[in-house]
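Raw contents of upload22.txt, compact mmCIF, C-alpha atoms:
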# COMPACT_ATOMS: atom_id res chain seq x y z
CA MET L 1 -62.27 -2.91 69.44
CA GLY L 2 -59.06 -1.23 70.54
CA ALA L 3 -58.70 -3.25 73.76
CA ASN L 4 -55.25 -4.73 74.38
CA LEU L 5 -53.51 -7.00 76.84
CA PRO L 6 -50.01 -8.39 77.50
CA VAL L 7 -49.05 -11.78 76.05
CA ASP L 8 -46.94 -13.74 78.52
CA VAL L 9 -46.51 -17.00 76.57
CA ASP L 10 -44.08 -17.63 73.71
CA ARG L 11 -46.36 -19.58 71.34
CA VAL L 12 -49.88 -18.42 70.52
CA ARG L 13 -52.53 -19.22 67.96
CA LEU L 14 -54.83 -16.65 66.35
CA GLU L 15 -58.02 -18.53 65.45
CA LEU L 16 -60.62 -17.09 63.09
CA GLY L 17 -64.10 -18.57 63.45
CA ARG L 18 -67.69 -17.97 62.29
CA ALA L 19 -71.18 -19.27 62.92
CA ASP L 20 -72.58 -19.18 59.38
CA GLY L 21 -72.25 -17.52 55.99
CA PRO L 22 -69.58 -17.46 53.28
CA ALA L 23 -66.19 -19.03 53.92
CA VAL L 24 -63.64 -16.70 55.50
CA SER L 25 -59.92 -16.98 54.88
CA ALA L 26 -57.15 -15.91 57.23
CA ALA L 27 -53.62 -14.68 56.63
CA ALA L 28 -50.89 -12.99 58.65
CA LEU L 29 -48.75 -10.05 57.62
CA LEU L 30 -45.37 -9.62 59.32
CA LEU L 31 -44.78 -5.89 59.65
CA THR L 32 -41.79 -3.71 60.46
CA GLY L 33 -41.89 -0.76 62.84
CA ALA L 34 -43.03 1.37 59.90
CA GLY L 35 -46.12 -0.82 59.51
CA ARG L 36 -44.97 -2.35 56.21
CA VAL L 37 -43.98 -5.78 54.95
CA ARG L 38 -40.41 -6.17 53.74
CA SER L 39 -41.38 -8.40 50.80
CA GLY L 40 -43.85 -11.09 49.75
CA VAL L 41 -42.29 -13.59 52.17
CA ASP L 42 -43.89 -11.63 55.02
CA LEU L 43 -47.30 -12.96 53.95
CA VAL L 44 -48.41 -16.22 55.61
CA ALA L 45 -51.59 -17.76 54.19
CA ARG L 46 -53.10 -21.06 53.08
CA ASP L 47 -51.10 -21.07 49.82
CA GLN L 48 -47.95 -19.81 51.54
CA PRO L 49 -48.18 -21.55 54.91
CA GLY L 50 -44.90 -20.58 56.54
CA ALA L 51 -42.69 -17.55 57.03
CA PRO L 52 -38.90 -17.97 56.89
CA GLY L 53 -37.79 -19.83 60.00
CA ASP L 54 -41.35 -21.08 60.59
CA ALA L 55 -41.92 -18.49 63.33
CA VAL L 56 -45.40 -17.94 61.83
CA ARG L 57 -47.43 -20.74 60.25
CA HIS L 58 -50.91 -21.04 58.77
CA VAL L 59 -52.75 -23.96 60.42
CA GLY L 60 -56.23 -25.40 60.73
CA THR L 61 -58.35 -25.83 63.86
CA PRO L 62 -60.34 -28.89 64.97
CA ASP L 63 -63.62 -27.26 63.92
CA GLY L 64 -62.39 -26.50 60.40
CA ALA L 65 -61.62 -22.80 60.90
CA GLU L 66 -58.40 -21.12 59.83
CA ALA L 67 -55.70 -20.01 62.22
CA VAL L 68 -52.16 -18.68 62.37
CA GLU L 69 -49.67 -19.98 64.93
CA VAL L 70 -46.92 -17.62 66.06
CA ASP L 71 -43.72 -18.40 67.94
CA LEU L 72 -43.08 -14.96 69.41
CA ALA L 73 -39.63 -15.86 70.72
CA ALA L 74 -38.51 -16.89 67.23
CA LEU L 75 -39.62 -13.74 65.41
CA PRO L 76 -36.73 -11.59 64.12
CA ASP L 77 -36.17 -8.20 65.73
CA SER L 78 -37.26 -6.51 62.49
CA THR L 79 -40.81 -7.85 62.94
CA GLU L 80 -42.65 -5.43 65.22
CA ARG L 81 -46.24 -6.48 64.45
CA VAL L 82 -48.10 -9.56 63.24
CA ALA L 83 -51.49 -8.60 61.80
CA LEU L 84 -54.17 -11.26 61.31
CA CYS L 85 -56.25 -10.49 58.22
CA ALA L 86 -59.61 -11.96 57.22
CA TRP L 87 -61.47 -11.78 53.92
CA THR L 88 -64.08 -13.48 51.83
CA GLY L 89 -64.24 -14.04 48.11
CA SER L 90 -68.04 -14.27 48.15
CA GLY L 91 -69.75 -10.97 48.82
CA THR L 92 -69.15 -8.92 51.93
CA LEU L 93 -68.14 -9.93 55.42
CA GLY L 94 -71.47 -8.56 56.56
CA ARG L 95 -73.00 -11.82 55.31
CA VAL L 96 -70.90 -13.74 57.84
CA THR L 97 -72.55 -14.27 61.21
CA GLY L 98 -70.66 -14.83 64.44
CA LEU L 99 -67.28 -13.74 63.07
CA ARG L 100 -64.81 -14.02 65.94
CA LEU L 101 -61.13 -14.07 66.76
CA ARG L 102 -59.61 -16.05 69.60
CA LEU L 103 -56.08 -15.69 70.97
CA VAL L 104 -55.06 -19.10 72.35
CA ALA L 105 -51.93 -20.30 74.17
CA ALA L 106 -50.63 -22.89 71.69
CA GLY L 107 -49.22 -25.22 74.35
CA SER L 108 -52.11 -25.41 76.83
CA GLY L 109 -55.04 -24.40 74.63
CA THR L 110 -56.02 -21.69 77.14
CA VAL L 111 -58.08 -18.91 75.57
CA LEU L 112 -56.31 -15.62 76.36
CA ALA L 113 -58.70 -13.29 74.52
CA HIS L 114 -61.96 -13.47 72.57
CA PHE L 115 -63.03 -10.74 70.13
CA ASP L 116 -66.45 -10.72 68.40
CA MET L 117 -66.75 -8.70 65.20
CA ALA L 118 -69.77 -7.43 63.27
CA PRO L 119 -68.55 -6.21 59.84
CA ARG L 120 -70.98 -4.72 57.34
CA SER L 121 -69.93 -3.76 53.80
CA GLU L 122 -66.27 -4.70 54.18
CA THR L 123 -64.74 -7.48 52.09
CA ALA L 124 -61.55 -7.71 54.18
CA LEU L 125 -60.39 -6.62 57.60
CA VAL L 126 -57.54 -6.68 60.08
CA ALA L 127 -59.06 -8.68 62.92
CA GLY L 128 -56.29 -8.29 65.49
CA GLU L 129 -52.56 -7.89 65.89
CA LEU L 130 -49.64 -8.90 68.06
CA TYR L 131 -47.21 -6.03 68.62
CA ARG L 132 -44.05 -5.25 70.57
CA ARG L 133 -44.08 -2.56 73.24
CA GLU L 134 -40.96 -1.92 75.35
CA GLY L 135 -39.54 -5.35 74.56
CA ARG L 136 -42.73 -7.26 75.43
CA TRP L 137 -45.47 -8.62 73.22
CA ARG L 138 -49.07 -7.47 73.46
CA PHE L 139 -52.30 -8.26 71.61
CA ARG L 140 -54.77 -5.67 70.30
CA ALA L 141 -58.31 -6.24 68.99
CA VAL L 142 -58.48 -4.18 65.77
CA GLY L 143 -61.52 -4.99 63.62
CA GLN L 144 -60.78 -2.37 60.94
CA GLY L 145 -62.34 -3.13 57.57
CA TYR L 146 -61.55 -2.58 53.88
CA ASP L 147 -63.88 -2.37 50.91
CA HIS L 148 -61.39 -3.58 48.28
CA GLY L 149 -60.77 -7.15 49.37
CA PHE L 150 -57.51 -8.74 50.34
CA ALA L 151 -55.58 -7.07 47.52
CA GLY L 152 -56.54 -3.61 48.75
CA LEU L 153 -55.70 -4.49 52.34
CA ALA L 154 -52.33 -5.96 51.37
CA ALA L 155 -51.46 -2.91 49.26
CA ASP L 156 -51.96 -0.63 52.26
CA PHE L 157 -49.28 -2.58 54.11
CA GLY L 158 -46.77 -2.37 51.27
CA LEU L 159 -47.52 -5.67 49.51
CA THR L 160 -47.64 -4.15 46.02
CA PRO L 161 -48.03 -5.50 43.53
CA ALA L 162 -50.10 -8.26 45.11
CA PRO L 163 -48.52 -11.74 45.11
CA ALA L 164 -48.45 -13.49 41.75
CA ARG L 165 -50.60 -16.20 43.29
CA ALA L 166 -52.95 -14.38 45.64
CA PRO L 167 -54.25 -16.44 48.58
CA ARG L 168 -57.57 -18.15 47.88
CA PRO L 169 -60.17 -16.75 47.63
CA GLY L 170 -58.57 -13.31 47.27
CA PRO L 171 -59.71 -11.12 44.39
CA ALA L 172 -57.51 -9.92 41.58
CA PRO L 173 -54.94 -7.27 42.49
CA ARG L 174 -56.18 -3.71 42.18
CA PRO L 175 -54.03 -0.96 40.66
CA ALA L 176 -52.32 1.42 43.05
CA PRO L 177 -54.54 4.40 43.92
CA PRO L 178 -53.75 7.62 42.08
CA ALA L 179 -51.66 10.25 43.84
CA ARG L 180 -53.74 12.63 45.92
CA PRO L 181 -53.94 16.18 44.60
CA GLN L 182 -51.99 18.85 46.39
CA THR L 183 -53.74 20.83 49.10
CA ARG L 184 -53.79 24.60 48.67
CA GLY L 185 -50.44 26.00 49.82
CA GLU L 186 -48.63 22.66 49.62
CA GLU L 187 -46.66 23.83 46.58
CA LEU L 188 -45.07 26.58 48.71
CA LEU L 189 -43.39 24.18 51.14
CA PRO L 190 -39.67 23.31 51.06
CA ALA L 191 -39.05 20.16 49.01
CA ASP L 192 -38.25 17.89 51.98
CA MET L 193 -41.24 19.06 54.02
CA GLY L 194 -43.51 18.78 51.00
CA GLU L 195 -42.37 15.19 50.41
CA ARG L 196 -43.02 14.27 54.05
CA LEU L 197 -46.46 15.87 53.88
CA SER L 198 -47.38 14.01 50.69
CA LEU L 199 -46.41 10.64 52.17
CA ARG L 200 -48.24 11.40 55.40
CA LYS L 201 -51.42 12.40 53.58
CA GLN L 202 -51.39 8.99 51.92
CA GLN L 203 -50.99 7.32 55.31
CA VAL L 204 -53.83 9.39 56.79
CA ALA L 205 -56.02 8.27 53.88
CA THR L 206 -55.02 4.65 54.52
CA SER L 207 -55.88 4.92 58.21
CA LEU L 208 -59.28 6.42 57.37
CA ARG L 209 -59.98 3.67 54.82
CA LYS L 210 -59.34 1.10 57.53
CA GLY L 211 -62.22 2.72 59.38
CA GLY L 212 -64.40 2.64 56.27
CA LEU L 213 -64.02 6.34 55.44
CA THR L 214 -63.16 7.77 52.03
CA GLY L 215 -63.65 11.32 50.84
CA VAL L 216 -64.62 12.61 54.29
CA THR L 217 -64.18 16.34 55.00
CA ALA L 218 -63.83 17.78 58.49
CA ARG L 219 -62.64 20.87 60.32
CA VAL L 220 -59.44 20.06 62.23
CA ILE L 221 -58.36 21.89 65.40
CA LEU L 222 -55.01 21.41 67.15
CA VAL L 223 -54.55 21.93 70.92
CA LEU L 224 -51.05 21.91 72.45
CA ASP L 225 -50.28 21.69 76.16
CA ALA L 226 -47.78 24.40 77.21
CA SER L 227 -47.67 23.70 80.95
CA GLY L 228 -44.33 23.75 82.75
CA SER L 229 -43.76 19.99 82.51
CA MET L 230 -43.93 20.21 78.70
CA SER L 231 -40.82 22.41 78.44
CA GLY L 232 -38.51 19.48 77.72
CA LEU L 233 -40.69 18.25 74.84
CA TYR L 234 -40.68 21.74 73.34
CA ALA L 235 -36.91 22.13 73.78
CA LYS L 236 -36.24 18.80 72.03
CA GLY L 237 -38.45 19.76 69.10
CA THR L 238 -40.93 16.98 69.85
CA VAL L 239 -43.95 19.31 69.90
CA ALA L 240 -42.94 20.94 66.61
CA ARG L 241 -42.64 17.51 64.99
CA VAL L 242 -46.06 16.54 66.36
CA ALA L 243 -47.58 19.72 64.91
CA GLU L 244 -46.02 19.00 61.52
CA ARG L 245 -47.44 15.47 61.57
CA MET L 246 -50.90 16.82 62.48
CA ALA L 247 -50.74 19.25 59.56
CA ALA L 248 -51.07 16.21 57.29
CA VAL L 249 -54.41 15.35 58.93
CA ALA L 250 -55.70 18.86 58.25
CA ALA L 251 -54.26 18.83 54.72
CA LEU L 252 -56.25 15.71 53.89
CA LEU L 253 -59.47 16.35 55.83
CA ASP L 254 -59.87 20.13 55.73
CA ASP L 255 -60.80 21.42 52.29
CA ASP L 256 -58.97 24.74 52.65
CA GLY L 257 -55.69 23.45 54.10
CA THR L 258 -56.13 25.58 57.23
CA MET L 259 -56.08 24.42 60.84
CA GLN L 260 -57.15 26.39 63.91
CA ALA L 261 -54.87 25.99 66.93
CA TRP L 262 -54.78 26.70 70.67
CA THR L 263 -52.15 26.45 73.36
CA PHE L 264 -52.91 26.31 77.08
CA ALA L 265 -51.61 25.96 80.61
CA THR L 266 -53.22 27.95 83.43
CA ARG L 267 -55.07 29.89 80.73
CA PRO L 268 -55.82 29.13 77.09
CA ALA L 269 -54.61 31.21 74.16
CA ARG L 270 -55.65 30.92 70.56
CA LEU L 271 -52.72 30.74 68.14
CA PRO L 272 -52.85 32.17 64.61
CA ASP L 273 -54.44 29.81 62.11
CA LEU L 274 -52.03 27.39 60.49
CA HIS L 275 -52.12 27.84 56.71
CA LEU L 276 -50.38 24.96 55.03
CA GLY L 277 -48.05 27.05 52.88
CA GLU L 278 -46.80 28.85 56.02
CA LEU L 279 -46.03 25.67 57.96
CA PRO L 280 -42.24 26.17 58.50
CA GLU L 281 -42.67 29.74 59.73
CA TRP L 282 -45.73 28.85 61.83
CA LEU L 283 -43.79 26.12 63.62
CA ARG L 284 -40.91 28.52 64.28
CA LEU L 285 -43.07 31.34 65.60
CA HIS L 286 -45.85 29.58 67.47
CA VAL L 287 -44.62 26.22 68.80
CA ARG L 288 -42.57 27.52 71.70
CA VAL L 289 -42.49 28.02 75.46
CA GLY L 290 -41.44 30.97 77.61
CA GLN L 291 -39.38 33.23 75.35
CA LEU L 292 -38.07 35.09 78.43
CA GLY L 293 -34.77 36.96 78.30
CA VAL L 294 -32.62 37.90 81.30
CA ILE L 295 -30.94 41.27 81.88
CA GLY L 296 -29.17 41.53 85.22
CA ARG L 297 -31.58 40.22 87.82
CA LYS L 298 -34.67 41.33 85.94
CA LYS L 299 -36.51 39.30 83.39
CA ARG L 300 -38.18 40.86 80.43
CA PRO L 301 -39.88 39.27 77.44
CA LYS L 302 -38.03 39.09 74.17
CA SER L 303 -39.62 41.04 71.35
CA ARG L 304 -42.47 39.17 69.69
CA ALA L 305 -43.43 38.93 66.06
CA ASP L 306 -46.92 39.86 64.91
CA GLY L 307 -49.46 37.33 66.15
CA GLN L 308 -47.15 35.67 68.67
CA VAL L 309 -48.69 34.85 72.03
CA ASP L 310 -46.97 36.22 75.13
CA MET L 311 -46.40 32.87 76.82
CA ARG L 312 -46.15 34.53 80.23
CA THR L 313 -49.90 35.10 80.11
CA VAL L 314 -50.52 31.38 79.58
CA GLY L 315 -48.99 30.32 82.91
CA ILE L 316 -47.63 26.89 83.86
CA GLN L 317 -50.46 24.79 85.39
CA ASN L 318 -52.87 22.33 83.79
CA GLU L 319 -56.35 23.77 83.22
CA GLU L 320 -57.63 21.65 80.34
CA GLN L 321 -61.28 22.53 81.01
CA LYS L 322 -60.65 26.18 80.11
CA VAL L 323 -59.27 25.47 76.65
CA ILE L 324 -61.99 22.87 76.05
CA ALA L 325 -64.57 25.58 76.83
CA ASP L 326 -62.75 28.00 74.51
CA VAL L 327 -62.78 25.55 71.61
CA ARG L 328 -66.44 24.70 72.22
CA ALA L 329 -67.32 28.40 72.09
CA TYR L 330 -65.38 28.84 68.85
CA VAL L 331 -67.20 25.92 67.21
CA ARG L 332 -70.57 27.32 68.29
CA ASP L 333 -69.71 30.82 67.08
CA HIS L 334 -68.27 29.59 63.75
CA PRO L 335 -70.66 26.86 62.57
CA VAL L 336 -69.78 24.86 59.47
CA PRO L 337 -71.71 22.00 57.81
CA LEU L 338 -68.87 19.62 58.73
CA PRO L 339 -67.82 17.54 61.72
CA THR L 340 -64.94 18.93 63.78
CA LEU L 341 -61.98 16.81 64.88
CA VAL L 342 -59.97 18.17 67.82
CA LEU L 343 -56.43 16.79 68.18
CA PHE L 344 -55.48 17.48 71.79
CA PHE L 345 -51.91 16.81 73.02
CA SER L 346 -50.90 16.80 76.70
CA ASP L 347 -48.22 15.24 78.89
CA GLY L 348 -50.69 14.70 81.74
CA GLY L 349 -50.72 16.07 85.24
CA VAL L 350 -54.51 16.37 84.92
CA TYR L 351 -56.16 17.35 88.20
CA ARG L 352 -59.36 19.17 87.19
CA SER L 353 -61.20 15.93 86.40
CA LYS L 354 -64.66 17.06 87.55
CA GLU L 355 -64.50 20.28 85.55
CA ILE L 356 -63.15 18.48 82.45
CA GLU L 357 -65.87 15.82 82.70
CA ARG L 358 -68.53 18.53 82.94
CA GLU L 359 -67.26 20.22 79.76
CA LEU L 360 -66.94 17.01 77.75
CA ARG L 361 -70.34 15.72 78.84
CA ALA L 362 -71.90 19.01 77.73
CA ALA L 363 -70.06 18.66 74.42
CA ALA L 364 -71.54 15.22 73.63
CA ASP L 365 -74.43 16.82 71.70
CA GLU L 366 -72.07 18.97 69.63
CA PRO L 367 -70.60 17.99 66.22
CA VAL L 368 -67.10 17.63 67.67
CA PHE L 369 -64.92 14.58 68.35
CA TRP L 370 -62.16 15.07 70.92
CA GLN L 371 -59.08 12.90 70.35
CA PHE L 372 -56.69 13.18 73.30
CA VAL L 373 -53.08 11.98 73.01
CA GLY L 374 -50.85 11.57 76.05
CA LEU L 375 -47.20 12.40 75.53
CA GLY L 376 -45.58 10.50 78.38
CA ARG L 377 -46.38 8.52 81.49
CA SER L 378 -48.03 11.13 83.71
CA HIS L 379 -51.47 11.02 85.31
CA TYR L 380 -54.22 11.77 82.75
CA GLY L 381 -57.18 11.70 85.11
CA VAL L 382 -60.64 11.62 83.53
CA LEU L 383 -59.19 11.70 80.00
CA GLU L 384 -58.12 8.06 80.37
CA TYR L 385 -61.55 6.69 81.21
CA PHE L 386 -64.01 9.29 79.96
CA ASP L 387 -65.05 7.24 76.92
CA THR L 388 -66.27 4.46 79.26
CA LEU L 389 -68.62 6.77 81.18
CA PRO L 390 -72.37 6.35 80.46
CA GLY L 391 -75.00 9.02 80.14
CA ARG L 392 -73.98 10.69 76.87
CA THR L 393 -75.73 10.87 73.52
CA VAL L 394 -72.62 9.48 71.81
CA ASP L 395 -69.06 8.63 72.85
CA ASN L 396 -67.37 11.86 71.80
CA VAL L 397 -63.88 11.25 73.23
CA GLY L 398 -60.89 9.08 72.35
CA PHE L 399 -57.65 8.71 74.29
CA PHE L 400 -54.32 6.94 74.01
CA ALA L 401 -50.86 7.60 75.42
CA VAL L 402 -47.39 6.94 74.04
CA ASP L 403 -44.11 6.89 75.94
CA ASP L 404 -42.12 8.54 73.13
CA VAL L 405 -44.13 9.87 70.21
CA ASP L 406 -40.95 10.37 68.14
CA GLN L 407 -40.48 6.59 68.18
CA VAL L 408 -44.00 5.89 66.89
CA ALA L 409 -44.00 5.47 63.11
CA ASP L 410 -46.53 7.44 61.06
CA PRO L 411 -48.69 4.40 60.15
CA GLU L 412 -49.19 3.44 63.81
CA LEU L 413 -49.69 7.03 64.96
CA TYR L 414 -52.35 7.81 62.36
CA ASP L 415 -54.05 4.43 62.87
CA ARG L 416 -54.38 5.11 66.59
CA LEU L 417 -55.23 8.78 66.11
CA LEU L 418 -58.05 8.06 63.65
CA SER L 419 -59.40 4.70 64.85
CA GLU L 420 -62.34 6.09 66.89
CA PHE L 421 -63.24 9.08 64.69
CA PRO L 422 -65.07 6.91 62.09
CA LEU L 423 -67.04 5.17 64.87
CA TRP L 424 -68.10 8.52 66.29
CA LEU L 425 -69.12 9.80 62.84
CA GLY L 426 -71.51 6.87 62.39
CA ALA L 427 -72.94 7.13 65.90
CA ALA L 428 -73.27 10.92 65.70
CA ARG L 429 -75.18 10.74 62.41
CA GLU L 430 -77.49 8.05 63.78
CA ALA L 431 -78.16 10.10 66.93
CA GLY L 432 -78.81 13.31 64.97
CA VAL L 433 -75.73 15.09 66.35
CA LEU L 434 -74.51 15.37 62.76
CA ARG L 435 -76.82 16.08 59.84

Output the structure of this file as structure tokens.
Amino acid sequence: MGANLPVDVDRVRLELGRADGPAVSAAALLLTGAGRVRSGVDLVARDQPGAPGDAVRHVGTPDGAEAVEVDLAALPDSTERVALCAWTGSGTLGRVTGLRLRLVAAGSGTVLAHFDMAPRSETALVAGELYRREGRWRFRAVGQGYDHGFAGLAADFGLTPAPARAPRPGPAPRPAPPARPQTRGEELLPADMGERLSLRKQQVATSLRKGGLTGVTARVILVLDASGSMSGLYAKGTVARVAERMAAVAALLDDDGTMQAWTFATRPARLPDLHLGELPEWLRLHVRVGQLGVIGRKKRPKSRADGQVDMRTVGIQNEEQKVIADVRAYVRDHPVPLPTLVLFFSDGGVYRSKEIERELRAAADEPVFWQFVGLGRSHYGVLEYFDTLPGRTVDNVGFFAVDDVDQVADPELYDRLLSEFPLWLGAAREAGVLR
């Protein structure tokens, strides 16, 4: 789950197979960069076997399984992802044994990838997807499940109402979910920011449902790299936009609409808590770098508002292990009967790998999941491979990097941000890390 690889052939086939159990149907959704279908024609299934132009077609396989064939070179530029969906109309997918997805080169029959799945209570899932990245196609194993059948899955990708003739054996369309209630302080936001937050909360909820989570509550902590190499991302407003997008995660998961926050470079510094109703002012005052003024040849700090951190004390180097230790100490000193999700943003340049590994290994028995996000192409050291290291009670770390986070649509960002958190929750409860 989550593994990906480049696809260097033009025509591929996504084959869905099983060993035993109820029949499983397959369909493809053609998605835009926003992670949505444009209309019902972007659904390819047994009852609707071809997309316009026949770039995607529903086909059978010699062993009677269902498959979707994709001509990647013929897909329009507006199609950024092709998601292969699976569902059953007879109970849950947990009754299916040996559920698997194969990516096959359509011309030669060469198997390019094989992904085994083990669903439980889900009645539908996204098995895998083809997606564009920097002009090239890649494949990702997804395996994210839904408890509301094909209609619920399709609705999350914008196919609402469900097609008049739903693909067999899809269940009847479900009504759209009710609007989520406002989080405390949300009513104080400017209209445009409040609208963005409301839409993003819905997307966060969708991403969590894909991982089988509904109604979960968690403490959310934000950590922002302020090392010297980050100055360009601060100056362009990228970091402020990231913080605003992360506020939606806290608004949905944290019951009081408050998020703790840290910044760091050579040394860590705790920022004032982010209260949702104060989001515009918090971004203005606390998402910044330097704040040094120049008089003659001498530099002196500009005056600071109450609660502002003197960024000169933070320094310019990368010392991730220090802020990790700070956050760990805070969680220990402020226990809550909830899991904690740390959203940690850095542009890389990691060089304290041994010290970072020591901190994160020690944190494996703590009720905290560390989600690291790389903002660029720099060296990320141990953060890139920590979740493959053995010898921990549970895998307590996730990592992914993006070249330009401003170009990543909310659905993809939240899907990637929250894909491993549900897995950790289950493993942590089973291991007794969470109670």

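Distances here use only C-alpha atoms; by that measure, the residue among L:Ala363, L:Val82, L:Ala55, L:Leu224 closest to L:Phe264 is L:Leu224.
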
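Residues in contact with stretch 87-96 of chain L at 6 Å, where only C-alpha atoms are counted and same-chain residues fewer than 5 positions away are skipped, are listed as Asp20, Gly21, Val24, Ser25, Pro119, Arg120, Ser121, Glu122, Thr123, Ala124, Pro169 and Gly170 of chain L.
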
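Proximity of L:Val350, L:Leu112, L:Ala243, L:Leu16 to L:His379, computed with all atoms listed in the file, is greatest for L:Val350.
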
Practice problem: Could you pull out every residue with an atom within 12 Å of (-69.0, 15.8, 69.8), file coordinates, counting all atoms listed in the file, and send them as JSON, numbers by chain? | Solution: {"L": [324, 327, 328, 331, 332, 338, 339, 340, 341, 342, 359, 360, 361, 362, 363, 364, 365, 366, 367, 368, 369, 370, 371, 387, 392, 393, 394, 395, 396, 397, 398, 421, 423, 424, 425, 426, 427, 428, 429, 431, 432, 433, 434]}

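Closest approach to L:Arg358 from the set L:Phe150, L:Phe372, L:Phe386, L:Tyr414 is made by L:Phe386, with distances taken over all atoms listed in the file.
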
I'd like the box whose edges run along x, y and z of the file and which contains every listed atom of stretch 133-145 of chain L, padded by 6 Å per side; could you state its centre and edge lengths in Å, one decimal, as JSON?
{"center_x": -50.9, "center_y": -5.3, "center_z": 66.5, "size_x": 34.8, "size_y": 18.7, "size_z": 29.9}

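Note that atom CA of L:Ala106 and atom CA of L:Arg81 are 18.5 Å apart.
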
Practice problem: For atom CA of L:Asp347 and atom CA of L:Ala401, determine how far apart the two atoms are, in Å to one decimal place. | Solution: 8.8 Å

Could you produce a table of the residues of stretch 64-113 of chain L lying within 10 Å of stretch 6-14 of chain L, with the nearest pair of atoms per residue and their separation in Å rounded to one decimal, using only C-alpha atoms, ordered by chain and increasing residue number, as CSV?
residue,atom,partner,partner_atom,distance
L:Glu66,CA,L:Leu14,CA,8.7
L:Ala67,CA,L:Leu14,CA,5.4
L:Val68,CA,L:Leu14,CA,5.2
L:Glu69,CA,L:Arg13,CA,4.2
L:Val70,CA,L:Val12,CA,5.4
L:Asp71,CA,L:Arg11,CA,4.5
L:Leu72,CA,L:Asp10,CA,5.2
L:Ala73,CA,L:Asp10,CA,5.6
L:Ala74,CA,L:Asp10,CA,8.6
L:Ala83,CA,L:Leu14,CA,9.8
L:Leu84,CA,L:Leu14,CA,7.4
L:Leu101,CA,L:Leu14,CA,6.8
L:Arg102,CA,L:Leu14,CA,5.8
L:Leu103,CA,L:Leu14,CA,4.9
L:Val104,CA,L:Arg13,CA,5.1
L:Ala105,CA,L:Val12,CA,4.6
L:Ala106,CA,L:Val12,CA,4.7
L:Gly107,CA,L:Arg11,CA,7.0
L:Ser108,CA,L:Val12,CA,9.7
L:Gly109,CA,L:Arg13,CA,8.8
L:Thr110,CA,L:Val12,CA,9.6
L:Val111,CA,L:Arg13,CA,9.4
L:Leu112,CA,L:Val7,CA,8.2
L:Ala113,CA,L:Leu14,CA,9.6

Quiz item: Using all atoms listed in the file, which residue out of L:Met246, L:Ser39, L:Tyr234, L:Asp225 lies closest to L:Arg200?
Solution: L:Met246

Quiz item: What would the list of residues within 9 Å of (-54.2, 27.7, 62.1) (file frame) look like as a PyMOL selection string, if only C-alpha atoms are what count?
Solution: chain L and resi 221-222+258-262+271-276+282

For C-alpha atoms, I'd like the residues from the last selection saved as a compact mmCIF listing (two decimals), in the coordinates of the input.
# COMPACT_ATOMS: atom_id res chain seq x y z
CA ILE L 221 -58.36 21.89 65.40
CA LEU L 222 -55.01 21.41 67.15
CA THR L 258 -56.13 25.58 57.23
CA MET L 259 -56.08 24.42 60.84
CA GLN L 260 -57.15 26.39 63.91
CA ALA L 261 -54.87 25.99 66.93
CA TRP L 262 -54.78 26.70 70.67
CA LEU L 271 -52.72 30.74 68.14
CA PRO L 272 -52.85 32.17 64.61
CA ASP L 273 -54.44 29.81 62.11
CA LEU L 274 -52.03 27.39 60.49
CA HIS L 275 -52.12 27.84 56.71
CA LEU L 276 -50.38 24.96 55.03
CA TRP L 282 -45.73 28.85 61.83

Practice problem: Mind checking which residues fall within 8 Å of L:Lys210, counting only C-alpha atoms, ignoring those fewer than 2 positions away in the same chain, and posting them as a list in words? | Solution: Leu125, Gln144, Gly145, Tyr146, Thr206, Ser207, Leu208, Gly212 and Leu213 of chain L

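With all atoms listed in the file as the atoms that count, the minimum distance from L:Asn4 to the choices L:Val323, L:Val56, L:Leu130, L:Leu233 is reached by L:Leu130.
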
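Note that the spacing between atom CA of L:Gln317 and atom CA of L:Tyr330 amounts to 22.6 Å.
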